Amino acid sequence: AACARLVAACATVPAPAPAAAEVADAPFDVSGRLSARRGTEGVAAHFAWEHAGGRDAIALATPMGTTLARLERDADGASIVRPDGSVERAGDAATLAERALGFPLPVESLAWWIRAAPRPGYPHAVERDAAGRVSVLWQEGWSVAYAYDEGAARPLRVFATYPDLEVRLVIDAWR
C-alpha cells in the first residue's frame, strides 16, 4: 500500500487545455478564400487576415485579385477602405462587413471561430472529434463546423450557418 501511495504521489497531472480567451488572444495571420450565400445571392472573395491583441486587418479581393476592401477593427471601432480610397467608419466591424459584402458577418466572433474556439463571454456548445478537436461550435445563433487535415491542430475549412446564410472559409495558409 505504501508503494502504491508513493507511485501515485509521483504521478504527473496533464496540463489543462488552454482557455478560450488564451486561444482567442493569440495573434494569427491567415489567408484563404471566403464564399457566402444568402438565398439565391452569393459572393466569393480571397482574404488575408492579420489578428493581434484585439486588432484585426482583413483585406478582401476578388478571385481575380482586384481589391474589394480593407477592413480594420480595434477597440475604438472599425473602418473600411474601398478601392477608390474612400473610408467609412462604424462602431463595429460587422456593420461595415455587411455594407461591403452585402451580408452580416460577425467579424469579432470569427476571430475566435476561425481557430475553432468560442468567443469568450458568450454562451456556447461544442462537439469534439475523436482527436479532441472542435468539430462543431454553436454560438450566437450560428452553427460552425470544422474540417481538419489528418493530424492538423488548426482547421483548414470552416462552414458557418445562420438562418438563411452560409459562410465558407477555406484556409490556404496559417502563419
# chains A, B, ... in the order shown; residues from 1 in each chain; ligands from 1
call {"tool": "residues_around", "arguments": {"residues": "A:Ser135", "least_positions_apart": "6", "cutoff": "9 Å", "atoms": "only C-alpha atoms", "output": "PyMOL selection string"}}
result
chain A and resi 116+126-129+144-148
call {"tool": "write_last_selection", "arguments": {"atoms": "N, CA, C and O atoms", "output": "PDB file, in the first residue's frame"}}
result
ATOM      1  N   ALA A 116     -11.365  27.676 -34.180  1.00  0.00           N
ATOM      2  CA  ALA A 116     -12.154  26.632 -33.519  1.00  0.00           C
ATOM      3  C   ALA A 116     -12.252  26.863 -32.019  1.00  0.00           C
ATOM      4  O   ALA A 116     -12.173  25.948 -31.217  1.00  0.00           O
ATOM      5  N   VAL A 126     -20.109  22.906 -27.690  1.00  0.00           N
ATOM      6  CA  VAL A 126     -19.047  22.390 -28.545  1.00  0.00           C
ATOM      7  C   VAL A 126     -19.187  20.887 -28.667  1.00  0.00           C
ATOM      8  O   VAL A 126     -19.494  20.201 -27.697  1.00  0.00           O
ATOM      9  N   GLU A 127     -18.934  20.380 -29.854  1.00  0.00           N
ATOM     10  CA  GLU A 127     -18.830  18.943 -30.101  1.00  0.00           C
ATOM     11  C   GLU A 127     -17.410  18.689 -30.582  1.00  0.00           C
ATOM     12  O   GLU A 127     -16.891  19.440 -31.416  1.00  0.00           O
ATOM     13  N   ARG A 128     -16.767  17.657 -30.077  1.00  0.00           N
ATOM     14  CA  ARG A 128     -15.371  17.365 -30.433  1.00  0.00           C
ATOM     15  C   ARG A 128     -15.264  16.075 -31.242  1.00  0.00           C
ATOM     16  O   ARG A 128     -16.082  15.184 -31.113  1.00  0.00           O
ATOM     17  N   ASP A 129     -14.203  16.013 -32.064  1.00  0.00           N
ATOM     18  CA  ASP A 129     -13.956  14.797 -32.837  1.00  0.00           C
ATOM     19  C   ASP A 129     -13.125  13.819 -32.003  1.00  0.00           C
ATOM     20  O   ASP A 129     -12.790  14.096 -30.844  1.00  0.00           O
ATOM     21  N   VAL A 144     -21.113  26.363 -36.454  1.00  0.00           N
ATOM     22  CA  VAL A 144     -19.831  26.440 -37.142  1.00  0.00           C
ATOM     23  C   VAL A 144     -19.200  25.052 -37.138  1.00  0.00           C
ATOM     24  O   VAL A 144     -18.882  24.512 -36.076  1.00  0.00           O
ATOM     25  N   ALA A 145     -19.039  24.470 -38.328  1.00  0.00           N
ATOM     26  CA  ALA A 145     -18.449  23.140 -38.471  1.00  0.00           C
ATOM     27  C   ALA A 145     -17.033  23.267 -39.016  1.00  0.00           C
ATOM     28  O   ALA A 145     -16.741  24.161 -39.814  1.00  0.00           O
ATOM     29  N   TYR A 146     -16.158  22.352 -38.587  1.00  0.00           N
ATOM     30  CA  TYR A 146     -14.737  22.413 -38.948  1.00  0.00           C
ATOM     31  C   TYR A 146     -14.282  21.137 -39.633  1.00  0.00           C
ATOM     32  O   TYR A 146     -14.744  20.050 -39.312  1.00  0.00           O
ATOM     33  N   ALA A 147     -13.322  21.302 -40.540  1.00  0.00           N
ATOM     34  CA  ALA A 147     -12.664  20.164 -41.173  1.00  0.00           C
ATOM     35  C   ALA A 147     -11.154  20.385 -41.040  1.00  0.00           C
ATOM     36  O   ALA A 147     -10.662  21.504 -41.207  1.00  0.00           O
ATOM     37  N   TYR A 148     -10.452  19.320 -40.724  1.00  0.00           N
ATOM     38  CA  TYR A 148      -9.018  19.372 -40.496  1.00  0.00           C
ATOM     39  C   TYR A 148      -8.313  18.365 -41.415  1.00  0.00           C
ATOM     40  O   TYR A 148      -8.883  17.339 -41.748  1.00  0.00           O
TER      41      TYR A 148
END
call {"tool": "residues_around", "arguments": {"residues": "A:Asp172", "least_positions_apart": "2", "cutoff": "10 Å", "atoms": "only C-alpha atoms", "output": "number ranges by chain"}}
result
A: 30-33, 46-48, 156-157, 169-170, 174
call {"tool": "closest_atom_pairs", "arguments": {"of": "stretch 68-160 of chain A", "to": "stretch 49-61 of chain A", "cutoff": "12 Å", "atoms": "only C-alpha atoms", "output": "Markdown table"}}
result
| residue | atom | partner | partner_atom | distance |
| --- | --- | --- | --- | --- |
| A:Leu68 | CA | A:Ala61 | CA | 4.9 |
| A:Ala69 | CA | A:Leu60 | CA | 5.3 |
| A:Arg70 | CA | A:Ala59 | CA | 4.4 |
| A:Leu71 | CA | A:Ile58 | CA | 5.1 |
| A:Glu72 | CA | A:Ala57 | CA | 4.4 |
| A:Arg73 | CA | A:Asp56 | CA | 5.0 |
| A:Asp74 | CA | A:Arg55 | CA | 4.5 |
| A:Ala75 | CA | A:Gly54 | CA | 6.9 |
| A:Asp76 | CA | A:Arg55 | CA | 9.8 |
| A:Gly77 | CA | A:Arg55 | CA | 9.8 |
| A:Ala78 | CA | A:Asp56 | CA | 9.1 |
| A:Ser79 | CA | A:Ala57 | CA | 9.6 |
| A:Ile80 | CA | A:Ile58 | CA | 9.3 |
| A:Val81 | CA | A:Ala59 | CA | 9.4 |
| A:Arg82 | CA | A:Leu60 | CA | 9.9 |
| A:Pro83 | CA | A:Ala61 | CA | 9.9 |
| A:Asp92 | CA | A:Asp56 | CA | 11.4 |
| A:Ala93 | CA | A:Asp56 | CA | 9.2 |
| A:Leu96 | CA | A:Ile58 | CA | 11.7 |
| A:Ala97 | CA | A:Ile58 | CA | 10.1 |
| A:Ala100 | CA | A:Leu60 | CA | 9.6 |
| A:Leu101 | CA | A:Leu60 | CA | 9.6 |
| A:Val107 | CA | A:Asp56 | CA | 8.9 |
| A:Glu108 | CA | A:Asp56 | CA | 8.7 |
| A:Ser109 | CA | A:Gly54 | CA | 11.5 |
| A:Leu110 | CA | A:Asp56 | CA | 10.7 |
| A:Ala111 | CA | A:His51 | CA | 7.4 |
| A:Trp112 | CA | A:His51 | CA | 10.2 |
| A:Ile114 | CA | A:Trp49 | CA | 10.5 |
| A:Arg115 | CA | A:His51 | CA | 11.4 |
call {"tool": "atom_distance", "arguments": {"atom1": "atom CA of A:Arg37", "atom2": "atom CA of A:Leu165"}}
result
5.8 Å
call {"tool": "atom_distance", "arguments": {"atom1": "atom CA of A:Arg175", "atom2": "atom CA of A:Ser143"}}
result
25.7 Å
call {"tool": "atom_distance", "arguments": {"atom1": "atom CA of A:Pro118", "atom2": "atom CA of A:Pro163"}}
result
19.1 Å
call {"tool": "select_by_dssp", "arguments": {"residues": "stretch 32-151 of chain A", "states": "alpha helix (DSSP H)", "output": "PyMOL selection string"}}
result
chain A and resi 93-101+107-113
call {"tool": "select_by_dssp", "arguments": {"residues": "chain A", "states": "strand (DSSP E or B)", "output": "PyMOL selection string"}}
result
chain A and resi 28-38+41-52+55-61+67-74+77-81+87-90+124-128+134-139+142-147+157-162+165-174
call {"tool": "closest_residue", "arguments": {"among": "A:Pro106, A:Gly121, A:Pro63, A:Pro27", "to": "A:Ala44", "atoms": "only C-alpha atoms"}}
result
A:Pro63
call {"tool": "decode", "arguments": {"residues": "stretch 49-83 of chain A", "atoms": "C-alpha atoms", "output": "short mmCIF file (atom, residue, chain, number, x, y, z; two decimals), in the first residue's frame"}}
result
data_model
loop_
_atom_site.label_atom_id
_atom_site.label_comp_id
_atom_site.auth_asym_id
_atom_site.auth_seq_id
_atom_site.Cartn_x
_atom_site.Cartn_y
_atom_site.Cartn_z
CA TRP A 49 -6.40 38.40 -42.16
CA GLU A 50 -4.00 39.66 -39.50
CA HIS A 51 -5.14 39.47 -35.88
CA ALA A 52 -3.20 40.66 -32.82
CA GLY A 53 -4.23 41.98 -29.44
CA GLY A 54 -7.84 42.92 -30.21
CA ARG A 55 -6.94 44.39 -33.59
CA ASP A 56 -7.91 42.95 -36.94
CA ALA A 57 -6.97 43.87 -40.51
CA ILE A 58 -8.77 41.95 -43.24
CA ALA A 59 -8.00 42.53 -46.91
CA LEU A 60 -10.65 41.28 -49.36
CA ALA A 61 -10.06 40.75 -53.07
CA THR A 62 -11.99 39.23 -55.95
CA PRO A 63 -10.99 35.76 -57.15
CA MET A 64 -9.11 37.58 -59.95
CA GLY A 65 -7.14 39.67 -57.42
CA THR A 66 -8.91 43.02 -57.65
CA THR A 67 -9.06 44.71 -54.23
CA LEU A 68 -12.57 44.91 -52.80
CA ALA A 69 -11.84 46.49 -49.44
CA ARG A 70 -9.61 46.54 -46.38
CA LEU A 71 -11.47 46.23 -43.08
CA GLU A 72 -9.72 47.25 -39.86
CA ARG A 73 -11.00 46.89 -36.30
CA ASP A 74 -9.72 47.84 -32.87
CA ALA A 75 -11.11 48.95 -29.50
CA ASP A 76 -12.06 52.36 -30.94
CA GLY A 77 -14.28 50.93 -33.70
CA ALA A 78 -13.86 49.85 -37.28
CA SER A 79 -13.09 51.32 -40.67
CA ILE A 80 -13.22 50.11 -44.21
CA VAL A 81 -11.08 51.44 -47.03
CA ARG A 82 -12.52 50.93 -50.51
CA PRO A 83 -10.53 50.65 -53.76
#
